[in-house]
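What follows is a short report on a single structure.
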Amino acid sequence: MALLTPLFAFLYHLPQVYKWLLKPYYVASIFLAVAFLLVRKSPGICEHLPTQREDGNSCDFDWREVEILMFLSAIVMMKNRRAMFMMTCKPPIYMGPEYIKYFSDKTIDEELDRDTRVTWIVEFFANWSPECQSFASVYADLSLKYNCAGLKFGKVDVGRYGEVSKKYKVSTSPLSKQLPSLLLFQGGKELMRRPQVDKKGRAVSWSFTEENIIREFNLNELYQVSKKLSKGKAEKVAELKFPAVPEEGELEAEPNGQDVVPETKKDK
């Protein structure tokens with residue numbers, strides 16, 4: 001039974017896997033990865049390739065190629081990414097509709113403090129991060145559904161603005177798993193963030209799905225309150241319950257955690 005359960009789960013999700021793999025980005029990635037292996041092993045072609053092997057056999061991998069392949073394999077295992085896609089090109093950049101304001105290091109604080117009645121959800125991202133690029137379409141969809149006068153969505157590139165990452169304690173290290181990070185602000189003050197960070201500075205694994213974000217950030221109720229926002233009603237937003245933001249070093253990582261207005265896209 002322990003073997004049948006994951007097998008049935010895989011077969012159930014197989015149509016979604018095929019749909020995901022048939023995107024042009026992944027098709028190109030698989031083609032380039034396989035093409036390298038085929039060219040290196042194809043008689044009539046491999047004989048003309050340069051090699052650093054002592055025996056002069058250009059149809060087999062030399063020490064440098066083996067070292068590179070092992071290094072890339074280790075990175076894939078560490079980051080738990082699907083094989084070989086990161087060895088080729090970046091995921092496709094989302095270019096669809098959105099209601100998101102893009103901040104710079106000079107505009108983020110001013111905008112968050114401009115109107116204390118407005119609640120902001122801000123994504124801290126980096127252009128080089130595949131996880132951030134994959135999350136872009138999900139975040140854009142949420143902005144289209146929930147953006148209103150009292151609830152707004154923003155983004156800031158912490159890969160470009162290093163001072164912002166330091167101020168809001170979002171690590172830009174590829175091994176930190178803090179990219180992307182979603183922070184909820186009201187009156188310029190942080191109310192909650194995902195993923196959370198434990199006392200050792202490590203991000204607690206969290207899945208950035210639309211369902212998780214709607215549930216954790218209480219978006220449905222927050223939207224209902226925020227879209228009716230007017231003078232004298234700001235206290236209703238403050239009454240919504242969010243998990244308290246832990247002090248630095250307070251949160252413990254769970255051992256079995258789950259690897260859990262339209263603006264232009266130009267930074268101002």
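A note on labels: chains of the structure tokens are A, B, ... as shown, every chain counts residues from 1, and ligands are counted from 1 in their shown order.
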
**Asked** Could you pull out all residues of stretch 9-202 of chain A with a DSSP call of strand (DSSP E or B) and give them as a VMD selection string?
**Response** chain A and resid 101 to 103 119 to 125 148 151 to 157 181 to 186 189 to 194 197

Limited to N, CA, C and O atoms, could you put the picked residues into a file as a compact mmCIF listing (two decimals), in the first residue's frame?
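Saved result, result.txt, follows:
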```txt
# COMPACT_ATOMS: atom_id res chain seq x y z
N LYS A 101 2.34 47.68 -8.15
CA LYS A 101 3.22 48.85 -8.18
C LYS A 101 4.64 48.40 -7.88
O LYS A 101 4.88 47.71 -6.89
N TYR A 102 5.58 48.82 -8.72
CA TYR A 102 6.98 48.43 -8.55
C TYR A 102 7.72 49.53 -7.79
O TYR A 102 7.70 50.70 -8.19
N PHE A 103 8.38 49.12 -6.70
CA PHE A 103 9.09 50.06 -5.85
C PHE A 103 10.58 50.06 -6.14
O PHE A 103 11.13 49.07 -6.63
N THR A 119 -3.70 48.89 3.19
CA THR A 119 -2.92 47.69 3.48
C THR A 119 -2.16 47.29 2.22
O THR A 119 -2.74 47.24 1.13
N TRP A 120 -0.88 47.01 2.37
CA TRP A 120 -0.02 46.62 1.25
C TRP A 120 0.45 45.18 1.42
O TRP A 120 0.83 44.76 2.51
N ILE A 121 0.43 44.44 0.32
CA ILE A 121 1.12 43.15 0.25
C ILE A 121 2.26 43.33 -0.74
O ILE A 121 2.03 43.65 -1.91
N VAL A 122 3.48 43.15 -0.27
CA VAL A 122 4.66 43.44 -1.08
C VAL A 122 5.47 42.17 -1.27
O VAL A 122 5.78 41.47 -0.29
N GLU A 123 5.81 41.89 -2.53
CA GLU A 123 6.68 40.75 -2.83
C GLU A 123 8.11 41.24 -2.96
O GLU A 123 8.41 42.17 -3.72
N PHE A 124 9.00 40.62 -2.21
CA PHE A 124 10.43 40.87 -2.32
C PHE A 124 11.00 39.77 -3.22
O PHE A 124 10.95 38.60 -2.86
N PHE A 125 11.55 40.16 -4.37
CA PHE A 125 11.95 39.18 -5.37
C PHE A 125 13.30 39.55 -5.97
O PHE A 125 13.87 40.61 -5.70
N CYS A 148 -7.79 46.82 -4.58
CA CYS A 148 -8.87 47.80 -4.39
C CYS A 148 -8.28 49.02 -3.70
O CYS A 148 -7.07 49.11 -3.48
N LEU A 151 -6.56 47.94 -0.42
CA LEU A 151 -5.65 46.79 -0.46
C LEU A 151 -4.88 46.84 -1.77
O LEU A 151 -5.47 46.72 -2.84
N LYS A 152 -3.58 47.02 -1.67
CA LYS A 152 -2.75 47.18 -2.87
C LYS A 152 -1.59 46.20 -2.85
O LYS A 152 -1.17 45.72 -1.79
N PHE A 153 -1.07 45.95 -4.03
CA PHE A 153 0.01 44.98 -4.21
C PHE A 153 1.24 45.68 -4.78
O PHE A 153 1.13 46.51 -5.69
N GLY A 154 2.41 45.31 -4.25
CA GLY A 154 3.65 45.91 -4.71
C GLY A 154 4.75 44.87 -4.85
O GLY A 154 4.63 43.75 -4.35
N LYS A 155 5.82 45.27 -5.53
CA LYS A 155 6.99 44.42 -5.70
C LYS A 155 8.24 45.28 -5.61
O LYS A 155 8.24 46.43 -6.04
N VAL A 156 9.30 44.69 -5.07
CA VAL A 156 10.59 45.37 -5.03
C VAL A 156 11.68 44.35 -5.31
O VAL A 156 11.67 43.25 -4.76
N ASP A 157 12.59 44.71 -6.19
CA ASP A 157 13.68 43.81 -6.60
C ASP A 157 14.84 43.94 -5.62
O ASP A 157 15.65 44.86 -5.72
N SER A 181 9.62 36.47 -1.00
CA SER A 181 9.04 36.68 0.32
C SER A 181 7.86 37.63 0.17
O SER A 181 7.95 38.62 -0.55
N LEU A 182 6.77 37.31 0.86
CA LEU A 182 5.59 38.17 0.86
C LEU A 182 5.44 38.80 2.24
O LEU A 182 5.40 38.08 3.25
N LEU A 183 5.36 40.13 2.28
CA LEU A 183 5.18 40.85 3.54
C LEU A 183 3.91 41.67 3.48
O LEU A 183 3.62 42.30 2.45
N LEU A 184 3.14 41.65 4.55
CA LEU A 184 1.91 42.42 4.65
C LEU A 184 2.14 43.62 5.56
O LEU A 184 2.60 43.46 6.70
N PHE A 185 1.84 44.82 5.06
CA PHE A 185 2.08 46.06 5.80
C PHE A 185 0.76 46.82 5.98
O PHE A 185 -0.09 46.84 5.08
N GLN A 186 0.66 47.48 7.14
CA GLN A 186 -0.41 48.45 7.34
C GLN A 186 0.17 49.60 8.14
O GLN A 186 0.81 49.41 9.18
N LYS A 189 3.88 49.40 8.90
CA LYS A 189 4.38 48.39 9.83
C LYS A 189 4.08 46.99 9.30
O LYS A 189 3.00 46.73 8.79
N GLU A 190 5.04 46.12 9.47
CA GLU A 190 4.88 44.74 9.02
C GLU A 190 3.98 43.97 9.99
O GLU A 190 4.22 43.93 11.19
N LEU A 191 2.93 43.34 9.43
CA LEU A 191 2.02 42.54 10.24
C LEU A 191 2.35 41.05 10.16
O LEU A 191 2.17 40.32 11.12
N MET A 192 2.80 40.58 9.00
CA MET A 192 3.17 39.18 8.86
C MET A 192 3.99 39.02 7.59
O MET A 192 4.05 39.92 6.75
N ARG A 193 4.64 37.86 7.48
CA ARG A 193 5.40 37.53 6.28
C ARG A 193 5.40 36.03 6.06
O ARG A 193 5.24 35.25 6.98
N ARG A 194 5.60 35.67 4.81
CA ARG A 194 5.81 34.28 4.42
C ARG A 194 6.90 34.25 3.36
O ARG A 194 6.86 35.06 2.44
N VAL A 197 11.03 33.00 9.28
CA VAL A 197 12.45 32.71 9.44
C VAL A 197 12.69 32.24 10.87
O VAL A 197 12.20 32.86 11.83
```

**Which of A:Val118, A:Val170, A:Ile100, A:Ile93 sits closest to A:Ser134 [using only C-alpha atoms]** =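 Using only C-alpha atoms, A:Ser134 sits closest to A:Ile93.
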
**Prompt:** Using only C-alpha atoms, which residue out of A:Cys59, A:Leu219, A:Val158, A:Leu37 lies closest to A:Ser104?
**Reply:**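 Going through A:Cys59, A:Leu219, A:Val158, A:Leu37 one by one, the smallest distance to A:Ser104 is for A:Val158.
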
**Request:** Find the spatial neighbours of stretch 48-51 of chain A, counting only C-alpha atoms, within a cut-off of 12 Å - ignore same-chain residues fewer than 2 positions away - and output them as a VMD selection string.
**Result:** chain A and resid 36 39 to 46 53 to 65

Selected residues written out with N, CA, C and O atoms, as a PDB file, in the first residue's frame:
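Result saved to selection06.pdb:
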```pdb
ATOM      1  N   PHE A  36      23.270  17.897 -26.075  1.00  0.00           N
ATOM      2  CA  PHE A  36      24.674  17.851 -25.688  1.00  0.00           C
ATOM      3  C   PHE A  36      25.155  16.410 -25.552  1.00  0.00           C
ATOM      4  O   PHE A  36      26.240  16.050 -26.029  1.00  0.00           O
ATOM      5  N   VAL A  39      25.298  14.664 -29.136  1.00  0.00           N
ATOM      6  CA  VAL A  39      26.426  15.112 -29.965  1.00  0.00           C
ATOM      7  C   VAL A  39      27.735  14.514 -29.466  1.00  0.00           C
ATOM      8  O   VAL A  39      28.582  14.081 -30.249  1.00  0.00           O
ATOM      9  N   ARG A  40      27.904  14.468 -28.150  1.00  0.00           N
ATOM     10  CA  ARG A  40      29.147  13.939 -27.581  1.00  0.00           C
ATOM     11  C   ARG A  40      29.303  12.444 -27.854  1.00  0.00           C
ATOM     12  O   ARG A  40      30.427  11.931 -27.922  1.00  0.00           O
ATOM     13  N   LYS A  41      28.194  11.736 -28.050  1.00  0.00           N
ATOM     14  CA  LYS A  41      28.251  10.281 -28.219  1.00  0.00           C
ATOM     15  C   LYS A  41      27.946   9.817 -29.642  1.00  0.00           C
ATOM     16  O   LYS A  41      27.944   8.617 -29.900  1.00  0.00           O
ATOM     17  N   SER A  42      27.681  10.729 -30.563  1.00  0.00           N
ATOM     18  CA  SER A  42      27.297  10.332 -31.927  1.00  0.00           C
ATOM     19  C   SER A  42      28.528  10.097 -32.805  1.00  0.00           C
ATOM     20  O   SER A  42      29.319  11.028 -33.024  1.00  0.00           O
ATOM     21  N   PRO A  43      28.715   8.882 -33.328  1.00  0.00           N
ATOM     22  CA  PRO A  43      29.832   8.614 -34.243  1.00  0.00           C
ATOM     23  C   PRO A  43      29.719   9.485 -35.496  1.00  0.00           C
ATOM     24  O   PRO A  43      28.630   9.729 -36.005  1.00  0.00           O
ATOM     25  N   GLY A  44      30.865   9.929 -35.983  1.00  0.00           N
ATOM     26  CA  GLY A  44      30.880  10.792 -37.141  1.00  0.00           C
ATOM     27  C   GLY A  44      30.837  12.258 -36.794  1.00  0.00           C
ATOM     28  O   GLY A  44      31.213  13.106 -37.604  1.00  0.00           O
ATOM     29  N   ILE A  45      30.363  12.550 -35.599  1.00  0.00           N
ATOM     30  CA  ILE A  45      30.327  13.945 -35.126  1.00  0.00           C
ATOM     31  C   ILE A  45      31.308  14.144 -33.986  1.00  0.00           C
ATOM     32  O   ILE A  45      32.083  15.096 -33.979  1.00  0.00           O
ATOM     33  N   CYS A  46      31.286  13.189 -33.032  1.00  0.00           N
ATOM     34  CA  CYS A  46      32.120  13.362 -31.846  1.00  0.00           C
ATOM     35  C   CYS A  46      33.614  13.318 -32.170  1.00  0.00           C
ATOM     36  O   CYS A  46      34.431  13.882 -31.439  1.00  0.00           O
ATOM     37  N   ARG A  53      41.099  14.650 -22.959  1.00  0.00           N
ATOM     38  CA  ARG A  53      41.420  13.311 -22.480  1.00  0.00           C
ATOM     39  C   ARG A  53      42.819  12.916 -22.925  1.00  0.00           C
ATOM     40  O   ARG A  53      43.264  13.233 -24.031  1.00  0.00           O
ATOM     41  N   GLU A  54      43.516  12.180 -22.059  1.00  0.00           N
ATOM     42  CA  GLU A  54      44.878  11.750 -22.383  1.00  0.00           C
ATOM     43  C   GLU A  54      44.909  10.764 -23.530  1.00  0.00           C
ATOM     44  O   GLU A  54      45.875  10.723 -24.305  1.00  0.00           O
ATOM     45  N   ASP A  55      43.853   9.948 -23.669  1.00  0.00           N
ATOM     46  CA  ASP A  55      43.850   8.969 -24.756  1.00  0.00           C
ATOM     47  C   ASP A  55      43.340   9.556 -26.060  1.00  0.00           C
ATOM     48  O   ASP A  55      43.275   8.874 -27.081  1.00  0.00           O
ATOM     49  N   GLY A  56      42.958  10.829 -26.047  1.00  0.00           N
ATOM     50  CA  GLY A  56      42.513  11.491 -27.266  1.00  0.00           C
ATOM     51  C   GLY A  56      41.145  11.064 -27.752  1.00  0.00           C
ATOM     52  O   GLY A  56      40.748  11.423 -28.868  1.00  0.00           O
ATOM     53  N   ASN A  57      40.384  10.321 -26.960  1.00  0.00           N
ATOM     54  CA  ASN A  57      39.060   9.862 -27.354  1.00  0.00           C
ATOM     55  C   ASN A  57      38.052  10.998 -27.165  1.00  0.00           C
ATOM     56  O   ASN A  57      37.614  11.281 -26.052  1.00  0.00           O
ATOM     57  N   SER A  58      37.695  11.637 -28.272  1.00  0.00           N
ATOM     58  CA  SER A  58      36.783  12.779 -28.193  1.00  0.00           C
ATOM     59  C   SER A  58      35.322  12.355 -28.122  1.00  0.00           C
ATOM     60  O   SER A  58      34.435  13.206 -28.030  1.00  0.00           O
ATOM     61  N   CYS A  59      35.049  11.056 -28.187  1.00  0.00           N
ATOM     62  CA  CYS A  59      33.670  10.560 -28.100  1.00  0.00           C
ATOM     63  C   CYS A  59      33.281  10.190 -26.675  1.00  0.00           C
ATOM     64  O   CYS A  59      32.253   9.545 -26.450  1.00  0.00           O
ATOM     65  N   ASP A  60      34.103  10.547 -25.732  1.00  0.00           N
ATOM     66  CA  ASP A  60      33.780  10.312 -24.330  1.00  0.00           C
ATOM     67  C   ASP A  60      34.035  11.594 -23.558  1.00  0.00           C
ATOM     68  O   ASP A  60      34.777  12.480 -24.002  1.00  0.00           O
ATOM     69  N   PHE A  61      33.418  11.725 -22.385  1.00  0.00           N
ATOM     70  CA  PHE A  61      33.561  12.934 -21.593  1.00  0.00           C
ATOM     71  C   PHE A  61      34.972  13.048 -21.032  1.00  0.00           C
ATOM     72  O   PHE A  61      35.539  12.066 -20.541  1.00  0.00           O
ATOM     73  N   ASP A  62      35.534  14.251 -21.090  1.00  0.00           N
ATOM     74  CA  ASP A  62      36.835  14.464 -20.460  1.00  0.00           C
ATOM     75  C   ASP A  62      36.620  14.870 -19.004  1.00  0.00           C
ATOM     76  O   ASP A  62      35.487  15.054 -18.544  1.00  0.00           O
ATOM     77  N   TRP A  63      37.715  15.027 -18.275  1.00  0.00           N
ATOM     78  CA  TRP A  63      37.623  15.278 -16.836  1.00  0.00           C
ATOM     79  C   TRP A  63      36.899  16.586 -16.528  1.00  0.00           C
ATOM     80  O   TRP A  63      36.172  16.703 -15.539  1.00  0.00           O
ATOM     81  N   ARG A  64      37.073  17.583 -17.399  1.00  0.00           N
ATOM     82  CA  ARG A  64      36.443  18.881 -17.154  1.00  0.00           C
ATOM     83  C   ARG A  64      34.925  18.787 -17.298  1.00  0.00           C
ATOM     84  O   ARG A  64      34.177  19.343 -16.476  1.00  0.00           O
ATOM     85  N   GLU A  65      34.461  18.071 -18.304  1.00  0.00           N
ATOM     86  CA  GLU A  65      33.026  17.916 -18.500  1.00  0.00           C
ATOM     87  C   GLU A  65      32.396  17.091 -17.394  1.00  0.00           C
ATOM     88  O   GLU A  65      31.286  17.387 -16.934  1.00  0.00           O
TER      89      GLU A  65
END
```

Write out as a PDB file with N, CA, C and O atoms, in the first residue's frame each polymer residue whose atoms come within 10 Å of A:Ala203, counting only C-alpha atoms; drop sequence neighbours fewer than 4 positions from it.
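And here is the file that came out, result_24.pdb:
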```
ATOM      1  N   VAL A 170      15.433  40.325   4.340  1.00  0.00           N
ATOM      2  CA  VAL A 170      15.151  39.309   3.328  1.00  0.00           C
ATOM      3  C   VAL A 170      16.476  38.930   2.681  1.00  0.00           C
ATOM      4  O   VAL A 170      17.064  39.716   1.955  1.00  0.00           O
ATOM      5  N   SER A 171      16.948  37.742   2.961  1.00  0.00           N
ATOM      6  CA  SER A 171      18.237  37.302   2.429  1.00  0.00           C
ATOM      7  C   SER A 171      18.135  37.048   0.934  1.00  0.00           C
ATOM      8  O   SER A 171      17.179  36.441   0.450  1.00  0.00           O
ATOM      9  N   LEU A 175      20.780  30.072  -1.392  1.00  0.00           N
ATOM     10  CA  LEU A 175      20.547  28.948  -0.501  1.00  0.00           C
ATOM     11  C   LEU A 175      19.610  29.278   0.658  1.00  0.00           C
ATOM     12  O   LEU A 175      19.308  28.415   1.472  1.00  0.00           O
ATOM     13  N   SER A 176      19.130  30.527   0.743  1.00  0.00           N
ATOM     14  CA  SER A 176      18.344  30.943   1.907  1.00  0.00           C
ATOM     15  C   SER A 176      16.880  30.537   1.817  1.00  0.00           C
ATOM     16  O   SER A 176      16.190  30.457   2.819  1.00  0.00           O
ATOM     17  N   LYS A 177      16.351  30.328   0.627  1.00  0.00           N
ATOM     18  CA  LYS A 177      14.936  29.996   0.392  1.00  0.00           C
ATOM     19  C   LYS A 177      14.010  31.099   0.881  1.00  0.00           C
ATOM     20  O   LYS A 177      12.864  30.853   1.233  1.00  0.00           O
ATOM     21  N   GLN A 178      14.507  32.349   0.899  1.00  0.00           N
ATOM     22  CA  GLN A 178      13.660  33.483   1.261  1.00  0.00           C
ATOM     23  C   GLN A 178      13.164  34.245   0.039  1.00  0.00           C
ATOM     24  O   GLN A 178      12.544  35.308   0.178  1.00  0.00           O
ATOM     25  N   LEU A 179      13.435  33.744  -1.137  1.00  0.00           N
ATOM     26  CA  LEU A 179      12.960  34.388  -2.357  1.00  0.00           C
ATOM     27  C   LEU A 179      12.012  33.445  -3.079  1.00  0.00           C
ATOM     28  O   LEU A 179      12.399  32.307  -3.391  1.00  0.00           O
ATOM     29  N   SER A 181       9.624  36.470  -1.001  1.00  0.00           N
ATOM     30  CA  SER A 181       9.038  36.680   0.317  1.00  0.00           C
ATOM     31  C   SER A 181       7.859  37.626   0.174  1.00  0.00           C
ATOM     32  O   SER A 181       7.945  38.623  -0.554  1.00  0.00           O
ATOM     33  N   ARG A 194       5.596  35.667   4.809  1.00  0.00           N
ATOM     34  CA  ARG A 194       5.808  34.284   4.416  1.00  0.00           C
ATOM     35  C   ARG A 194       6.895  34.247   3.356  1.00  0.00           C
ATOM     36  O   ARG A 194       6.860  35.063   2.438  1.00  0.00           O
ATOM     37  N   PRO A 195       7.886  33.359   3.487  1.00  0.00           N
ATOM     38  CA  PRO A 195       8.054  32.378   4.559  1.00  0.00           C
ATOM     39  C   PRO A 195       8.589  33.027   5.825  1.00  0.00           C
ATOM     40  O   PRO A 195       9.251  34.065   5.775  1.00  0.00           O
ATOM     41  N   GLN A 196       8.284  32.409   6.967  1.00  0.00           N
ATOM     42  CA  GLN A 196       8.859  32.862   8.221  1.00  0.00           C
ATOM     43  C   GLN A 196      10.317  32.410   8.324  1.00  0.00           C
ATOM     44  O   GLN A 196      10.759  31.539   7.576  1.00  0.00           O
ATOM     45  N   VAL A 197      11.027  32.999   9.276  1.00  0.00           N
ATOM     46  CA  VAL A 197      12.447  32.706   9.441  1.00  0.00           C
ATOM     47  C   VAL A 197      12.685  32.237  10.869  1.00  0.00           C
ATOM     48  O   VAL A 197      12.201  32.864  11.828  1.00  0.00           O
ATOM     49  N   ASP A 198      13.418  31.129  11.024  1.00  0.00           N
ATOM     50  CA  ASP A 198      13.662  30.602  12.370  1.00  0.00           C
ATOM     51  C   ASP A 198      14.814  31.344  13.041  1.00  0.00           C
ATOM     52  O   ASP A 198      15.406  32.263  12.472  1.00  0.00           O
ATOM     53  N   LYS A 199      15.142  30.951  14.266  1.00  0.00           N
ATOM     54  CA  LYS A 199      16.136  31.688  15.042  1.00  0.00           C
ATOM     55  C   LYS A 199      17.538  31.552  14.485  1.00  0.00           C
ATOM     56  O   LYS A 199      18.426  32.313  14.851  1.00  0.00           O
ATOM     57  N   ALA A 253      12.008  26.475  13.690  1.00  0.00           N
ATOM     58  CA  ALA A 253      11.632  25.785  12.453  1.00  0.00           C
ATOM     59  C   ALA A 253      10.971  24.463  12.791  1.00  0.00           C
ATOM     60  O   ALA A 253      11.407  23.746  13.680  1.00  0.00           O
TER      61      ALA A 253
END
```

**Request:** Step one, run DSSP on the backbone; step two, keep only residues of stretch 19-222 of chain A assigned to alpha helix (DSSP H); then write them as a ChimeraX atom specification.
**Result:** /A:19-21,24-41,63-79,108-114,130-146,162-167,210-216,219-222

Taking C-alpha atoms for each residue, export the selection above as a PDB file, in the first residue's frame.
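Dumped to out-v4.pdb:
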```pdb
ATOM      1  CA  LYS A  19       0.771  20.216 -19.527  1.00  0.00           C
ATOM      2  CA  TRP A  20       3.551  21.752 -17.443  1.00  0.00           C
ATOM      3  CA  LEU A  21       6.363  20.049 -19.383  1.00  0.00           C
ATOM      4  CA  PRO A  24       8.174  26.094 -24.757  1.00  0.00           C
ATOM      5  CA  TYR A  25      10.680  26.882 -22.001  1.00  0.00           C
ATOM      6  CA  TYR A  26      10.807  23.307 -20.707  1.00  0.00           C
ATOM      7  CA  VAL A  27      10.739  21.776 -24.190  1.00  0.00           C
ATOM      8  CA  ALA A  28      13.754  23.902 -25.148  1.00  0.00           C
ATOM      9  CA  SER A  29      15.537  23.018 -21.895  1.00  0.00           C
ATOM     10  CA  ILE A  30      15.072  19.280 -22.414  1.00  0.00           C
ATOM     11  CA  PHE A  31      16.134  19.523 -26.057  1.00  0.00           C
ATOM     12  CA  LEU A  32      19.360  21.400 -25.260  1.00  0.00           C
ATOM     13  CA  ALA A  33      20.255  19.055 -22.409  1.00  0.00           C
ATOM     14  CA  VAL A  34      19.696  15.922 -24.507  1.00  0.00           C
ATOM     15  CA  ALA A  35      21.398  17.441 -27.578  1.00  0.00           C
ATOM     16  CA  PHE A  36      24.674  17.851 -25.688  1.00  0.00           C
ATOM     17  CA  LEU A  37      24.721  14.173 -24.720  1.00  0.00           C
ATOM     18  CA  LEU A  38      23.788  12.999 -28.215  1.00  0.00           C
ATOM     19  CA  VAL A  39      26.426  15.112 -29.965  1.00  0.00           C
ATOM     20  CA  ARG A  40      29.147  13.939 -27.581  1.00  0.00           C
ATOM     21  CA  LYS A  41      28.251  10.281 -28.219  1.00  0.00           C
ATOM     22  CA  TRP A  63      37.623  15.278 -16.836  1.00  0.00           C
ATOM     23  CA  ARG A  64      36.443  18.881 -17.154  1.00  0.00           C
ATOM     24  CA  GLU A  65      33.026  17.916 -18.500  1.00  0.00           C
ATOM     25  CA  VAL A  66      32.577  15.230 -15.854  1.00  0.00           C
ATOM     26  CA  GLU A  67      33.465  17.746 -13.146  1.00  0.00           C
ATOM     27  CA  ILE A  68      30.946  20.262 -14.487  1.00  0.00           C
ATOM     28  CA  LEU A  69      28.176  17.654 -14.738  1.00  0.00           C
ATOM     29  CA  MET A  70      28.812  16.435 -11.188  1.00  0.00           C
ATOM     30  CA  PHE A  71      28.814  19.994  -9.856  1.00  0.00           C
ATOM     31  CA  LEU A  72      25.536  20.825 -11.590  1.00  0.00           C
ATOM     32  CA  SER A  73      23.986  17.568 -10.371  1.00  0.00           C
ATOM     33  CA  ALA A  74      24.940  18.450  -6.803  1.00  0.00           C
ATOM     34  CA  ILE A  75      23.287  21.864  -7.138  1.00  0.00           C
ATOM     35  CA  VAL A  76      20.125  20.268  -8.528  1.00  0.00           C
ATOM     36  CA  MET A  77      19.963  17.908  -5.554  1.00  0.00           C
ATOM     37  CA  MET A  78      20.618  20.700  -3.035  1.00  0.00           C
ATOM     38  CA  LYS A  79      17.946  22.956  -4.432  1.00  0.00           C
ATOM     39  CA  ILE A 108       9.027  51.879  -0.971  1.00  0.00           C
ATOM     40  CA  ASP A 109       9.078  53.533   2.471  1.00  0.00           C
ATOM     41  CA  GLU A 110       7.333  56.662   1.213  1.00  0.00           C
ATOM     42  CA  GLU A 111       4.532  54.653  -0.397  1.00  0.00           C
ATOM     43  CA  LEU A 112       4.001  52.334   2.578  1.00  0.00           C
ATOM     44  CA  ASP A 113       3.684  55.338   4.920  1.00  0.00           C
ATOM     45  CA  ARG A 114       1.600  57.522   2.576  1.00  0.00           C
ATOM     46  CA  PRO A 130      13.564  30.865 -10.919  1.00  0.00           C
ATOM     47  CA  GLU A 131      11.174  30.587  -7.978  1.00  0.00           C
ATOM     48  CA  CYS A 132      10.340  34.302  -8.228  1.00  0.00           C
ATOM     49  CA  GLN A 133       9.755  34.081 -11.965  1.00  0.00           C
ATOM     50  CA  SER A 134       7.514  31.034 -11.536  1.00  0.00           C
ATOM     51  CA  PHE A 135       5.532  32.847  -8.821  1.00  0.00           C
ATOM     52  CA  ALA A 136       5.028  35.997 -10.936  1.00  0.00           C
ATOM     53  CA  SER A 137       1.862  34.765 -12.666  1.00  0.00           C
ATOM     54  CA  VAL A 138       0.285  33.638  -9.364  1.00  0.00           C
ATOM     55  CA  TYR A 139       0.989  37.001  -7.743  1.00  0.00           C
ATOM     56  CA  ALA A 140      -0.357  38.857 -10.782  1.00  0.00           C
ATOM     57  CA  ASP A 141      -3.609  36.866 -10.652  1.00  0.00           C
ATOM     58  CA  LEU A 142      -4.030  37.702  -6.969  1.00  0.00           C
ATOM     59  CA  SER A 143      -3.514  41.408  -7.690  1.00  0.00           C
ATOM     60  CA  LEU A 144      -6.216  41.299 -10.384  1.00  0.00           C
ATOM     61  CA  LYS A 145      -8.689  39.624  -8.013  1.00  0.00           C
ATOM     62  CA  TYR A 146      -8.050  41.530  -4.778  1.00  0.00           C
ATOM     63  CA  GLY A 162      20.504  45.563  -1.597  1.00  0.00           C
ATOM     64  CA  GLU A 163      19.705  48.132   1.101  1.00  0.00           C
ATOM     65  CA  VAL A 164      16.038  47.179   0.952  1.00  0.00           C
ATOM     66  CA  SER A 165      16.852  43.502   1.545  1.00  0.00           C
ATOM     67  CA  LYS A 166      18.943  44.416   4.598  1.00  0.00           C
ATOM     68  CA  LYS A 167      16.321  46.744   6.064  1.00  0.00           C
ATOM     69  CA  GLU A 210      -2.676  30.786  -4.571  1.00  0.00           C
ATOM     70  CA  GLU A 211      -4.710  28.809  -2.033  1.00  0.00           C
ATOM     71  CA  ASN A 212      -2.038  29.102   0.659  1.00  0.00           C
ATOM     72  CA  ILE A 213      -1.681  32.844   0.168  1.00  0.00           C
ATOM     73  CA  ILE A 214      -5.448  33.473   0.272  1.00  0.00           C
ATOM     74  CA  ARG A 215      -5.750  31.442   3.474  1.00  0.00           C
ATOM     75  CA  GLU A 216      -2.654  32.688   5.320  1.00  0.00           C
ATOM     76  CA  LEU A 219      -7.414  37.846   1.608  1.00  0.00           C
ATOM     77  CA  ASN A 220     -11.152  37.270   1.203  1.00  0.00           C
ATOM     78  CA  GLU A 221     -12.073  39.007   4.442  1.00  0.00           C
ATOM     79  CA  LEU A 222      -9.345  41.621   4.019  1.00  0.00           C
TER      80      LEU A 222
END
```

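Between atom CA of A:Arg160 and atom CA of A:Asn127 the interatomic distance comes to 8.6 Å.
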